[in-house]
Amino acid sequence: MLKPLLPIALLVALAVLIAGCSSSQQSTAPEATVPSSTNTVTSDAQLNTILQQSCYQCHSTGGKAPWYAAVSPTYLAANSARGVLNFSDWQTYDAQKKSEALKGIAASVNKGSMPPGDYTALDHSARLTDDEKQALLKWASQPAIPAH
């Protein structure tokens, strides 16, 4: 009984994979994930772009994954990710909370656990290049500046 369903399941999986690969070539972040100029994380526009493209889907209130990536187990747990780090609330973090978040970002990027592999396998635009990783690590190693 399962043998006739196997080829159909493989075709469906292949179609989803192809659709995901072909539609992940976005050059800009979706409008819902772009922060307002008063709610940016850093004054570095390049770094904000990296965060928007690779982090905001799970780590911001307005984050929304593409339909084909929203099935990854990591994205399905995004509400808990926002509880740990929510870039939408970054401006409300005090210096200690920002410092702790930056340490966590550095550790996660260094280990290669962020962005998660199961998510980037589906949303290729969220993958970090080596240069993007280095930019994030450089930023995360800076001391947090107290809010004024």
# chains A, B, ... in the order shown; residues from 1 in each chain; ligands from 1
call {"tool": "residues_around", "arguments": {"residues": "region 118-120 of chain A", "least_positions_apart": "3", "cutoff": "8 Å", "atoms": "only C-alpha atoms", "output": "PyMOL selection string"}}
result
chain A and resi 69+72-75+115+123-127
call {"tool": "residues_around", "arguments": {"residues": "region 92-106 of chain A", "least_positions_apart": "4", "cutoff": "12 Å", "atoms": "only C-alpha atoms", "output": "VMD selection string"}}
result
chain A and resid 38 to 42 51 55 59 82 to 88 110 to 115 133 to 148
call {"tool": "select_by_dssp", "arguments": {"residues": "region 61-127 of chain A", "states": "alpha helix (DSSP H)", "output": "ChimeraX atom specification"}}
result
/A:73-76,78-84,95-111,117-120
call {"tool": "closest_residue", "arguments": {"among": "A:Ser43, A:Asn48, A:Thr129, A:Ser80", "to": "Thr61 (chain A)", "atoms": "only C-alpha atoms"}}
result
A:Ser80
call {"tool": "atom_distance", "arguments": {"atom1": "CA of Ile50 (chain A)", "atom2": "CA of Leu128 (chain A)"}}
result
8.0 Å
call {"tool": "closest_residue", "arguments": {"among": "A:Pro116, A:Ala45, A:Gly62, A:Val109", "to": "Asp130 (chain A)", "atoms": "only C-alpha atoms"}}
result
A:Val109
